[in-house]
Amino acid sequence: MLAHDIIRRPIITEQSMDQVQERKYTFEVAKGANKIEIKKAIEEIFKVQVEKVTTINYIGKPKRQGVFAGKRADWKKAVVKLTADSKTIELFES
């Protein structure tokens with residue numbers, strides 16, 4: 001798996017932006033990726049040193065539109081903590 005296949009998109013919410021001061025960054029990642037793969041992908045893409053990776057699996061909610069019933073997609077979130085001597089990720093600074 002390539003690094004850009006593992007890291008899908010950054011998650012920019014009020015809660016995730018509050019964690020930037022603690023050097024924690026939040027991303028949506030591939031469902032099959034493990035913590036080691038996520039760490040290597042972040043280090044390769046952003047040229048930073050990762051201290052810790054925390055992952056959370058989300059189960060899609062059931063939804064319906066009139067007669068049609070379905071389910072939102074399952075997805076995985078990763079919170080990445082950078083080391084103290086690492087540079088920041090510019091994507092979250094603005």
# chains A, B, ... in the order shown; residues from 1 in each chain; ligands from 1
>>> select_by_dssp(residues="chain A", states="alpha helix (DSSP H)", output="list in words")
Ala3, His4, Asp5, Ile6, Glu14, Gln15, Ser16, Met17, Asp18, Lys35, Ile36, Glu37, Ile38, Lys39, Lys40, Ala41, Ile42, Glu43, Glu44, Ile45 and Phe46 of chain A
>>> residues_around(residues="Lys63 (chain A)", least_positions_apart="6", cutoff="12 Å", atoms="only C-alpha atoms", output="PyMOL selection string")
chain A and resi 69-73
>>> write_last_selection(atoms="N, CA and C atoms", output="PDB file, in the first residue's frame")
ATOM      1  N   ALA A  69     -33.666   2.193   2.252  1.00  0.00           N
ATOM      2  CA  ALA A  69     -32.857   2.104   3.469  1.00  0.00           C
ATOM      3  C   ALA A  69     -31.432   1.736   3.077  1.00  0.00           C
ATOM      4  N   GLY A  70     -30.482   2.238   3.843  1.00  0.00           N
ATOM      5  CA  GLY A  70     -29.084   1.942   3.572  1.00  0.00           C
ATOM      6  C   GLY A  70     -28.248   2.169   4.810  1.00  0.00           C
ATOM      7  N   LYS A  71     -26.951   2.280   4.610  1.00  0.00           N
ATOM      8  CA  LYS A  71     -26.028   2.433   5.727  1.00  0.00           C
ATOM      9  C   LYS A  71     -24.861   3.283   5.269  1.00  0.00           C
ATOM     10  N   ARG A  72     -24.412   4.184   6.136  1.00  0.00           N
ATOM     11  CA  ARG A  72     -23.206   4.949   5.826  1.00  0.00           C
ATOM     12  C   ARG A  72     -21.997   4.019   5.885  1.00  0.00           C
ATOM     13  N   ALA A  73     -20.932   4.404   5.221  1.00  0.00           N
ATOM     14  CA  ALA A  73     -19.740   3.563   5.160  1.00  0.00           C
ATOM     15  C   ALA A  73     -19.025   3.524   6.512  1.00  0.00           C
TER      16      ALA A  73
END
>>> closest_residue(among="A:Lys47, A:Asn34, A:Thr13, A:Ile7", to="Leu82 (chain A)", atoms="only C-alpha atoms")
A:Lys47
>>> residues_around(residues="His4 (chain A)", least_positions_apart="3", cutoff="10 Å", atoms="only C-alpha atoms", output="list in words")
Met1, Ile7, Arg8, Arg9, Val29, Ala30, Ala41, Ile42, Glu44 and Ile45 of chain A
>>> atom_distance(atom1="CA of Phe46 (chain A)", atom2="CA of Gln21 (chain A)")
17.5 Å
>>> closest_residue(among="A:Leu91, A:Ala33, A:Val48, A:Ala3", to="Trp75 (chain A)", atoms="only C-alpha atoms")
A:Ala33
>>> residues_around(residues="Val79 (chain A)", least_positions_apart="3", cutoff="8 Å", atoms="only C-alpha atoms", output="ChimeraX atom specification")
/A:24-27,53-55
>>> select_by_dssp(residues="chain A", states="strand (DSSP E)", output="ChimeraX atom specification")
/A:7-10,24-29,50-58,62-65,68-71,75-82
>>> decode(residues="region 53-78 of chain A", atoms="N, CA and C atoms", output="PDB file, in the first residue's frame")
ATOM      1  N   VAL A  53       0.602   6.691  17.713  1.00  0.00           N
ATOM      2  CA  VAL A  53      -0.577   6.654  16.845  1.00  0.00           C
ATOM      3  C   VAL A  53      -1.711   5.983  17.605  1.00  0.00           C
ATOM      4  N   THR A  54      -2.875   6.646  17.626  1.00  0.00           N
ATOM      5  CA  THR A  54      -4.077   6.087  18.235  1.00  0.00           C
ATOM      6  C   THR A  54      -5.113   5.939  17.130  1.00  0.00           C
ATOM      7  N   THR A  55      -5.767   4.779  17.052  1.00  0.00           N
ATOM      8  CA  THR A  55      -6.762   4.566  15.998  1.00  0.00           C
ATOM      9  C   THR A  55      -8.133   4.298  16.603  1.00  0.00           C
ATOM     10  N   ILE A  56      -9.167   4.711  15.866  1.00  0.00           N
ATOM     11  CA  ILE A  56     -10.553   4.521  16.275  1.00  0.00           C
ATOM     12  C   ILE A  56     -11.333   4.027  15.060  1.00  0.00           C
ATOM     13  N   ASN A  57     -12.062   2.922  15.203  1.00  0.00           N
ATOM     14  CA  ASN A  57     -12.918   2.408  14.132  1.00  0.00           C
ATOM     15  C   ASN A  57     -14.341   2.916  14.340  1.00  0.00           C
ATOM     16  N   TYR A  58     -14.945   3.442  13.278  1.00  0.00           N
ATOM     17  CA  TYR A  58     -16.318   3.918  13.326  1.00  0.00           C
ATOM     18  C   TYR A  58     -17.191   3.019  12.470  1.00  0.00           C
ATOM     19  N   ILE A  59     -18.343   2.625  13.007  1.00  0.00           N
ATOM     20  CA  ILE A  59     -19.321   1.818  12.288  1.00  0.00           C
ATOM     21  C   ILE A  59     -20.344   2.780  11.676  1.00  0.00           C
ATOM     22  N   GLY A  60     -20.668   2.588  10.389  1.00  0.00           N
ATOM     23  CA  GLY A  60     -21.601   3.475   9.703  1.00  0.00           C
ATOM     24  C   GLY A  60     -23.004   3.382  10.273  1.00  0.00           C
ATOM     25  N   LYS A  61     -23.671   4.527  10.353  1.00  0.00           N
ATOM     26  CA  LYS A  61     -25.033   4.582  10.881  1.00  0.00           C
ATOM     27  C   LYS A  61     -26.026   4.098   9.833  1.00  0.00           C
ATOM     28  N   PRO A  62     -27.107   3.443  10.265  1.00  0.00           N
ATOM     29  CA  PRO A  62     -28.167   3.119   9.309  1.00  0.00           C
ATOM     30  C   PRO A  62     -28.947   4.394   8.960  1.00  0.00           C
ATOM     31  N   LYS A  63     -29.230   4.592   7.684  1.00  0.00           N
ATOM     32  CA  LYS A  63     -29.955   5.772   7.216  1.00  0.00           C
ATOM     33  C   LYS A  63     -31.051   5.336   6.259  1.00  0.00           C
ATOM     34  N   ARG A  64     -32.102   6.166   6.139  1.00  0.00           N
ATOM     35  CA  ARG A  64     -33.141   5.881   5.157  1.00  0.00           C
ATOM     36  C   ARG A  64     -33.642   7.181   4.556  1.00  0.00           C
ATOM     37  N   GLN A  65     -34.022   7.098   3.284  1.00  0.00           N
ATOM     38  CA  GLN A  65     -34.577   8.229   2.545  1.00  0.00           C
ATOM     39  C   GLN A  65     -35.900   7.739   1.970  1.00  0.00           C
ATOM     40  N   GLY A  66     -36.974   7.986   2.695  1.00  0.00           N
ATOM     41  CA  GLY A  66     -38.279   7.483   2.258  1.00  0.00           C
ATOM     42  C   GLY A  66     -38.325   5.972   2.370  1.00  0.00           C
ATOM     43  N   VAL A  67     -38.538   5.301   1.254  1.00  0.00           N
ATOM     44  CA  VAL A  67     -38.644   3.847   1.233  1.00  0.00           C
ATOM     45  C   VAL A  67     -37.267   3.187   1.235  1.00  0.00           C
ATOM     46  N   PHE A  68     -36.267   3.900   0.722  1.00  0.00           N
ATOM     47  CA  PHE A  68     -34.950   3.312   0.540  1.00  0.00           C
ATOM     48  C   PHE A  68     -34.144   3.352   1.835  1.00  0.00           C
ATOM     49  N   ALA A  69     -33.666   2.193   2.252  1.00  0.00           N
ATOM     50  CA  ALA A  69     -32.857   2.104   3.469  1.00  0.00           C
ATOM     51  C   ALA A  69     -31.432   1.736   3.077  1.00  0.00           C
ATOM     52  N   GLY A  70     -30.482   2.238   3.843  1.00  0.00           N
ATOM     53  CA  GLY A  70     -29.084   1.942   3.572  1.00  0.00           C
ATOM     54  C   GLY A  70     -28.248   2.169   4.810  1.00  0.00           C
ATOM     55  N   LYS A  71     -26.951   2.280   4.610  1.00  0.00           N
ATOM     56  CA  LYS A  71     -26.028   2.433   5.727  1.00  0.00           C
ATOM     57  C   LYS A  71     -24.861   3.283   5.269  1.00  0.00           C
ATOM     58  N   ARG A  72     -24.412   4.184   6.136  1.00  0.00           N
ATOM     59  CA  ARG A  72     -23.206   4.949   5.826  1.00  0.00           C
ATOM     60  C   ARG A  72     -21.997   4.019   5.885  1.00  0.00           C
ATOM     61  N   ALA A  73     -20.932   4.404   5.221  1.00  0.00           N
ATOM     62  CA  ALA A  73     -19.740   3.563   5.160  1.00  0.00           C
ATOM     63  C   ALA A  73     -19.025   3.524   6.512  1.00  0.00           C
ATOM     64  N   ASP A  74     -18.423   2.376   6.837  1.00  0.00           N
ATOM     65  CA  ASP A  74     -17.550   2.267   8.001  1.00  0.00           C
ATOM     66  C   ASP A  74     -16.248   2.990   7.663  1.00  0.00           C
ATOM     67  N   TRP A  75     -15.586   3.590   8.683  1.00  0.00           N
ATOM     68  CA  TRP A  75     -14.332   4.282   8.434  1.00  0.00           C
ATOM     69  C   TRP A  75     -13.449   4.250   9.672  1.00  0.00           C
ATOM     70  N   LYS A  76     -12.203   4.646   9.491  1.00  0.00           N
ATOM     71  CA  LYS A  76     -11.209   4.574  10.566  1.00  0.00           C
ATOM     72  C   LYS A  76     -10.540   5.935  10.709  1.00  0.00           C
ATOM     73  N   LYS A  77     -10.333   6.352  11.963  1.00  0.00           N
ATOM     74  CA  LYS A  77      -9.696   7.624  12.264  1.00  0.00           C
ATOM     75  C   LYS A  77      -8.401   7.351  13.020  1.00  0.00           C
ATOM     76  N   ALA A  78      -7.373   8.153  12.728  1.00  0.00           N
ATOM     77  CA  ALA A  78      -6.101   8.024  13.426  1.00  0.00           C
ATOM     78  C   ALA A  78      -5.715   9.386  14.001  1.00  0.00           C
TER      79      ALA A  78
END
